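> One file: work.tsv (TSV, C-alpha atoms).
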chain	number	residue	atom	x	y	z
T	1	MET	CA	69.32	8.05	8.89
T	2	ARG	CA	69.68	9.46	5.36
T	3	ALA	CA	69.97	5.97	3.94
T	4	PHE	CA	66.83	4.89	5.79
T	5	LEU	CA	64.86	7.88	4.49
T	6	LEU	CA	66.07	7.20	0.96
T	7	LEU	CA	64.88	3.61	1.20
T	8	MET	CA	61.47	4.77	2.42
T	9	VAL	CA	61.17	7.22	-0.47
T	10	LEU	CA	62.17	4.58	-3.02
T	11	ALA	CA	59.72	2.08	-1.53
T	12	ALA	CA	56.91	4.61	-1.70
T	13	ALA	CA	57.79	5.49	-5.26
T	14	ALA	CA	57.71	1.84	-6.24
T	15	GLY	CA	54.31	1.33	-4.59
T	16	ALA	CA	55.74	-0.92	-1.89
T	17	GLN	CA	53.86	-1.45	1.36
T	18	THR	CA	55.28	0.89	4.00
T	19	THR	CA	52.90	0.18	6.90
T	20	ARG	CA	50.75	-2.63	8.22
T	21	GLU	CA	48.53	-0.28	10.24
T	22	MET	CA	45.06	0.04	8.71
T	23	ASN	CA	44.76	3.37	10.49
T	24	ASP	CA	47.69	4.76	8.47
T	25	LEU	CA	46.66	3.52	5.00
T	26	ASN	CA	44.61	5.61	2.60
T	27	TRP	CA	41.81	4.05	0.58
T	28	MET	CA	43.90	3.63	-2.56
T	29	GLU	CA	46.67	1.81	-0.70
T	30	PHE	CA	44.10	-0.38	1.04
T	31	GLN	CA	42.46	-1.25	-2.27
T	32	GLU	CA	45.81	-2.30	-3.71
T	33	LEU	CA	46.52	-4.59	-0.75
T	34	VAL	CA	43.19	-6.23	0.20
T	35	PRO	CA	42.39	-8.92	-0.77
T	36	GLY	CA	44.87	-9.33	-3.61
T	37	LYS	CA	48.03	-9.16	-1.52
T	38	VAL	CA	46.80	-9.33	2.09
T	39	GLN	CA	43.95	-11.56	3.26
T	40	THR	CA	44.50	-11.50	7.02
T	41	VAL	CA	43.74	-8.81	9.59
T	42	LEU	CA	44.61	-8.76	13.28
T	43	LEU	CA	42.03	-6.99	15.47
T	44	PRO	CA	43.34	-6.03	18.95
T	45	THR	CA	40.63	-5.83	21.63
T	46	GLY	CA	40.95	-4.92	25.28
T	47	THR	CA	39.50	-2.78	28.04
T	48	VAL	CA	40.52	-0.21	30.65
T	49	GLU	CA	40.73	-1.56	34.21
T	50	ALA	CA	43.01	-1.66	37.25
T	51	HIS	CA	46.16	-3.76	36.80
T	52	GLY	CA	48.16	-3.52	40.00
T	53	VAL	CA	51.19	-1.29	39.30
T	54	ILE	CA	50.98	-1.33	35.51
T	55	ASN	CA	48.81	0.91	33.35
T	56	ASN	CA	45.02	0.65	33.45
T	57	GLY	CA	45.19	0.13	29.70
T	58	ALA	CA	47.40	-2.96	29.94
T	59	ASP	CA	44.72	-5.03	28.22
T	60	ASN	CA	45.05	-2.64	25.28
T	61	THR	CA	48.83	-2.19	25.35
T	62	ALA	CA	49.46	-5.94	25.27
T	63	PRO	CA	47.31	-7.04	22.29
T	64	LEU	CA	48.26	-4.02	20.17
T	65	ALA	CA	51.99	-4.62	20.65
T	66	LEU	CA	51.47	-8.32	20.05
T	67	ALA	CA	49.51	-7.72	16.85
T	68	ARG	CA	52.23	-5.41	15.57
T	69	ALA	CA	54.88	-8.04	16.30
T	70	MET	CA	52.84	-10.77	14.61
T	71	ALA	CA	51.67	-8.92	11.49
T	72	PRO	CA	54.84	-9.11	9.35
T	73	LYS	CA	55.18	-12.84	9.97
T	74	LEU	CA	51.58	-13.51	8.97
T	75	ASN	CA	51.39	-11.02	6.08
T	76	ALA	CA	48.59	-9.30	7.98
T	77	LEU	CA	47.31	-5.81	8.58
T	78	VAL	CA	46.62	-4.48	12.07
T	79	ALA	CA	43.14	-3.05	12.55
T	80	PRO	CA	42.60	-0.12	14.93
T	81	LEU	CA	42.40	-1.17	18.57
T	82	VAL	CA	38.98	-1.57	20.23
T	83	ALA	CA	40.00	-0.02	23.55
T	84	TYR	CA	36.86	-0.29	25.73
T	85	GLY	CA	35.32	-3.58	26.79
T	86	VAL	CA	33.24	-5.59	29.25
T	87	THR	CA	35.42	-5.14	32.31
T	88	GLY	CA	33.60	-7.06	35.06
T	89	SER	CA	34.55	-7.33	38.72
T	90	LEU	CA	37.30	-4.68	38.71
T	91	ASP	CA	34.93	-1.96	37.57
T	92	GLY	CA	35.01	-0.27	40.98
T	93	TYR	CA	38.66	0.83	40.74
T	94	ALA	CA	39.62	4.37	39.77
T	95	GLY	CA	39.96	5.02	36.05
T	96	THR	CA	38.18	1.82	35.06
T	97	PHE	CA	35.49	1.67	32.36
T	98	GLN	CA	32.65	-0.79	31.82
T	99	ILE	CA	30.81	-1.14	28.52
T	100	SER	CA	27.46	-2.92	28.65
T	101	GLU	CA	27.27	-6.30	27.00
T	102	ALA	CA	24.54	-5.10	24.64
T	103	ALA	CA	26.56	-2.11	23.47
T	104	TYR	CA	29.78	-4.11	23.16
T	105	ARG	CA	28.11	-6.93	21.26
T	106	ALA	CA	26.48	-4.54	18.79
T	107	PHE	CA	29.66	-2.54	18.23
T	108	LEU	CA	31.97	-5.54	17.77
T	109	SER	CA	29.42	-7.16	15.48
T	110	ASP	CA	29.63	-4.13	13.20
T	111	VAL	CA	33.44	-4.02	13.40
T	112	LEU	CA	33.78	-7.68	12.41
T	113	THR	CA	31.18	-7.28	9.66
T	114	GLY	CA	33.07	-4.25	8.35
T	115	LEU	CA	36.35	-6.14	8.21
T	116	ALA	CA	34.65	-8.95	6.30
T	117	ARG	CA	32.93	-6.50	3.94
T	118	ASN	CA	36.27	-4.89	3.17
T	119	GLY	CA	37.61	-8.16	1.81
T	120	PHE	CA	39.57	-9.86	4.57
T	121	ARG	CA	39.37	-13.62	4.43
T	122	ASN	CA	40.94	-14.27	7.85
T	123	ILE	CA	39.96	-12.12	10.83
T	124	ILE	CA	42.09	-12.84	13.89
T	125	VAL	CA	41.00	-11.23	17.16
T	126	ILE	CA	44.00	-10.61	19.43
T	127	ASN	CA	42.06	-10.28	22.66
T	128	GLY	CA	43.62	-8.74	25.75
T	129	HIS	CA	40.79	-9.18	28.25
T	130	GLY	CA	38.98	-12.32	29.42
T	131	GLY	CA	35.79	-13.08	31.30
T	132	PRO	CA	32.45	-12.32	29.64
T	133	GLN	CA	34.23	-10.42	26.86
T	134	THR	CA	35.79	-13.61	25.52
T	135	ALA	CA	32.41	-15.36	25.46
T	136	ILE	CA	30.87	-12.47	23.53
T	137	LEU	CA	33.71	-12.47	21.00
T	138	ASN	CA	33.40	-16.23	20.55
T	139	ASP	CA	29.67	-15.92	19.88
T	140	LEU	CA	30.23	-13.12	17.38
T	141	ALA	CA	32.99	-15.04	15.60
T	142	GLU	CA	30.57	-17.86	14.88
T	143	LYS	CA	27.66	-15.59	13.98
T	144	ILE	CA	29.55	-13.23	11.67
T	145	GLY	CA	31.68	-16.02	10.24
T	146	ARG	CA	28.59	-17.96	9.23
T	147	GLU	CA	26.71	-14.95	7.88
T	148	ARG	CA	29.60	-13.45	5.91
T	149	ARG	CA	31.36	-16.74	5.03
T	150	VAL	CA	34.60	-15.47	6.52
T	151	ARG	CA	37.07	-17.23	8.82
T	152	ILE	CA	37.31	-15.70	12.31
T	153	MET	CA	39.55	-16.77	15.19
T	154	VAL	CA	39.46	-15.37	18.74
T	155	THR	CA	42.72	-15.69	20.68
T	156	ASN	CA	43.48	-15.06	24.36
T	157	TRP	CA	47.25	-14.77	24.49
T	158	TRP	CA	47.72	-15.47	28.22
T	159	ALA	CA	45.71	-18.71	28.01
T	160	ILE	CA	47.30	-19.92	24.79
T	161	CYS	CA	50.73	-19.27	26.29
T	162	SER	CA	50.20	-20.65	29.79
T	163	ASP	CA	52.95	-23.20	29.17
T	164	VAL	CA	55.25	-20.38	28.03
T	165	THR	CA	54.55	-18.65	31.35
T	166	LEU	CA	55.59	-21.79	33.24
T	167	LYS	CA	58.72	-22.19	31.12
T	168	VAL	CA	59.94	-18.60	31.52
T	169	PHE	CA	58.93	-17.96	35.14
T	170	GLY	CA	58.78	-21.46	36.58
T	171	GLU	CA	55.27	-20.87	37.94
T	172	ASP	CA	51.76	-19.87	36.96
T	173	GLY	CA	50.77	-16.25	36.51
T	174	GLY	CA	47.74	-14.11	37.16
T	175	HIS	CA	45.77	-11.03	36.24
T	176	ALA	CA	48.39	-8.26	36.61
T	177	GLY	CA	50.65	-10.96	38.06
T	178	TRP	CA	54.29	-11.57	37.21
T	179	ASN	CA	53.57	-12.69	33.64
T	180	GLU	CA	51.26	-9.84	32.62
T	181	THR	CA	53.40	-7.25	34.38
T	182	ALA	CA	56.46	-8.63	32.59
T	183	PHE	CA	54.65	-8.47	29.26
T	184	ILE	CA	54.00	-4.75	29.75
T	185	GLN	CA	57.54	-4.25	31.08
T	186	ALA	CA	58.89	-5.66	27.80
T	187	ILE	CA	56.69	-3.33	25.75
T	188	ASP	CA	57.29	-0.12	27.71
T	189	ALA	CA	59.03	-0.23	31.09
T	190	LYS	CA	57.79	3.30	31.87
T	191	LEU	CA	54.30	1.85	32.35
T	192	VAL	CA	55.48	-0.31	35.27
T	193	HIS	CA	55.71	1.35	38.71
T	194	ALA	CA	57.66	-1.14	40.81
T	195	GLU	CA	58.00	1.36	43.65
T	196	ARG	CA	54.23	1.18	44.25
T	197	TYR	CA	54.05	-2.59	44.56
T	198	THR	CA	53.13	-4.21	47.89
T	199	LYS	CA	51.94	-7.72	48.67
T	200	ASP	CA	48.54	-6.48	49.81
T	201	LEU	CA	47.73	-5.64	46.18
T	202	GLU	CA	47.44	-9.37	45.38
T	203	MET	CA	45.43	-12.42	46.35
T	204	PRO	CA	44.59	-15.74	44.67
T	205	ARG	CA	41.29	-16.05	42.83
T	206	PRO	CA	38.69	-18.08	44.70
T	207	ALA	CA	37.96	-21.64	43.70
T	208	ALA	CA	34.98	-21.97	41.39
T	209	GLY	CA	31.70	-21.78	43.26
T	210	THR	CA	33.18	-20.69	46.59
T	211	TRP	CA	32.67	-16.92	46.72
T	212	TYR	CA	32.31	-13.82	44.59
T	213	ALA	CA	32.81	-10.16	45.50
T	214	PHE	CA	32.26	-6.93	43.61
T	215	PRO	CA	34.56	-5.16	43.27
T	216	PHE	CA	37.21	-7.85	43.62
T	217	PRO	CA	39.24	-7.03	46.77
T	218	THR	CA	42.59	-6.68	44.96
T	219	PRO	CA	43.62	-5.67	41.41
T	220	VAL	CA	46.24	-8.45	41.18
T	221	ILE	CA	44.49	-11.82	40.98
T	222	LEU	CA	46.79	-14.84	41.08
T	223	TYR	CA	45.68	-17.97	39.25
T	224	GLN	CA	47.14	-20.19	41.98
T	225	ALA	CA	48.01	-19.45	45.60
T	226	GLY	CA	51.73	-18.93	46.08
T	227	GLN	CA	52.44	-18.46	42.38
T	228	GLY	CA	52.68	-15.45	40.10
T	229	SER	CA	53.60	-12.75	42.63
T	230	VAL	CA	55.00	-9.77	40.78
T	231	ARG	CA	58.75	-9.42	40.33
T	232	PHE	CA	60.56	-7.05	38.01
T	233	ASP	CA	63.14	-8.80	35.84
T	234	GLN	CA	63.76	-7.09	32.49
T	235	ALA	CA	65.59	-10.05	30.94
T	236	LYS	CA	62.75	-12.44	31.75
T	237	ALA	CA	60.23	-9.84	30.55
T	238	ASP	CA	61.92	-9.52	27.17
T	239	ALA	CA	62.25	-13.29	26.81
T	240	TYR	CA	58.58	-13.73	27.70
T	241	PHE	CA	57.33	-11.25	25.12
T	242	ALA	CA	59.42	-12.86	22.38
T	243	ALA	CA	58.27	-16.36	23.31
T	244	VAL	CA	54.60	-15.34	23.45
T	245	ALA	CA	54.80	-13.62	20.06
T	246	THR	CA	56.42	-16.70	18.53
T	247	ARG	CA	53.78	-19.03	19.97
T	248	MET	CA	50.92	-16.80	18.84
T	249	VAL	CA	52.24	-16.67	15.29
T	250	GLU	CA	52.51	-20.47	15.27
T	251	VAL	CA	48.92	-20.92	16.52
T	252	VAL	CA	47.42	-18.47	14.03
T	253	ARG	CA	49.48	-19.72	11.10
T	254	THR	CA	48.49	-23.32	11.84
T	255	THR	CA	44.81	-22.38	11.98
T	256	ILE	CA	44.95	-20.51	8.64
T	257	THR	CA	46.81	-23.42	7.05
T	258	GLN	CA	44.15	-25.85	8.25
T	259	TRP	CA	41.37	-23.57	6.96
T	260	ASP	CA	43.08	-23.52	3.57
T	261	ARG	CA	43.62	-27.27	3.45
T	262	ALA	CA	39.95	-27.85	4.19
T	263	GLY	CA	38.92	-25.38	1.49
T	264	LEU	CA	36.77	-23.41	3.90
T	265	PHE	CA	35.04	-20.24	2.70
T	266	ARG	CA	37.18	-19.72	-0.37
Show how you would write the structure in this file as structure tokens.

Amino acid sequence: MRAFLLLMVLAAAAGAQTTREMNDLNWMEFQELVPGKVQTVLLPTGTVEAHGVINNGADNTAPLALARAMAPKLNALVAPLVAYGVTGSLDGYAGTFQISEAAYRAFLSDVLTGLARNGFRNIIVINGHGGPQTAILNDLAEKIGRERRVRIMVTNWWAICSDVTLKVFGEDGGHAGWNETAFIQAIDAKLVHAERYTKDLEMPRPAAGTWYAFPFPTPVILYQAGQGSVRFDQAKADAYFAAVATRMVEVVRTTITQWDRAGLFR
């Protein structure tokens, strides 16, 4: 412990970067880093909604932990989490929040503009919640990117890593299904309450155009019938988180490399 503290003191004395959290930097440290040394920022976005037997804030817990795992490998900073979002059909469950599209769009527009104004060249949204929220983020990425001449990428980790889900679990996942529950289990097992899980908490999502219900009848929504039912395997959970983080770094790094090769918005 003493050796670790000594290293931290020496690093601080030498002006070395001691954190990648924007929230923990002061303005002088930020000015020294951006854009001269760091050109990429990871913006975690999520919402607060029912997730079976994991925390209502799973869509915040997941992208924040993922951004923190990715940042050192991408030489990126982690922006403060945007914790409330456009929840959708699970809004009726206890402890769930719904932000209107108009309010969310205006707020995220200002957040993205602020990141661009502060000198970041690459803004990578690590999104933890799908549905209408993803469409809004995609629209804003194009709008703000064009206006500010900055490169913006919106990522949905569960969709990008659907093949990783199949490889680790041998089947598809779901909202609060085996894959998402395992992801939270790997981050903080205390947020998973296996003793509360019953099969009546889950059902497959309806085929497109067949039916819609508000609120959705269950908080665990399987992508395919008979696949993704929640199980609690710590080893698979840890392997899944590591594999997802690796894939996400690869996808973002490839995109930045292609932006650079094309000479876009230099």
> Just give me the gap between atom CA of T:Ala186 and atom CA of T:His51 in Å, one decimal is fine.
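Atom CA of T:Ala186 sits 15.7 Å away from atom CA of T:His51.
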> From the options T:Ala141, T:Tyr84, T:Met153, T:Ile187, which residue's atoms come nearest to T:Asn60, counting all atoms listed in the file?
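Going through T:Ala141, T:Tyr84, T:Met153, T:Ile187 one by one, the smallest distance to T:Asn60 is for T:Tyr84.
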> Determine, counting all atoms listed in the file, which protein, DNA and RNA residues have an atom within 7 Å of an atom of stretch 210-218 of chain T; residues of the same chain fewer than 3 positions away are not included. Present the result as a ChimeraX atom specification.
/T:89-92,201-203,206-207,221
> Write out, as a PDB file, in the coordinates of the input, the residues just selected, with C-alpha atoms.

ATOM      1  CA  SER T  89      34.550  -7.330  38.720  1.00  0.00           C
ATOM      2  CA  LEU T  90      37.300  -4.680  38.710  1.00  0.00           C
ATOM      3  CA  ASP T  91      34.930  -1.960  37.570  1.00  0.00           C
ATOM      4  CA  GLY T  92      35.010  -0.270  40.980  1.00  0.00           C
ATOM      5  CA  LEU T 201      47.730  -5.640  46.180  1.00  0.00           C
ATOM      6  CA  GLU T 202      47.440  -9.370  45.380  1.00  0.00           C
ATOM      7  CA  MET T 203      45.430 -12.420  46.350  1.00  0.00           C
ATOM      8  CA  PRO T 206      38.690 -18.080  44.700  1.00  0.00           C
ATOM      9  CA  ALA T 207      37.960 -21.640  43.700  1.00  0.00           C
ATOM     10  CA  ILE T 221      44.490 -11.820  40.980  1.00  0.00           C
TER      11      ILE T 221
END
> Between T:Ile160, T:Gln133, T:Gln224, T:Arg149, single out the one closest to T:Asp172, counting all atoms listed in the file.
T:Gln224
> Show which residues sit within 10 Å of T:Lys199, as a list in words. Count only C-alpha atoms, and ignore same-chain residues fewer than 4 positions away.
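Residues meeting the cut-off are Met203, Val220, Ser229 and Val230 of chain T.
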> For the residues selected in the previous step, produce a file with C-alpha atoms as a PDB file, in the coordinates of the input.

ATOM      1  CA  MET T 203      45.430 -12.420  46.350  1.00  0.00           C
ATOM      2  CA  VAL T 220      46.240  -8.450  41.180  1.00  0.00           C
ATOM      3  CA  SER T 229      53.600 -12.750  42.630  1.00  0.00           C
ATOM      4  CA  VAL T 230      55.000  -9.770  40.780  1.00  0.00           C
TER       5      VAL T 230
END
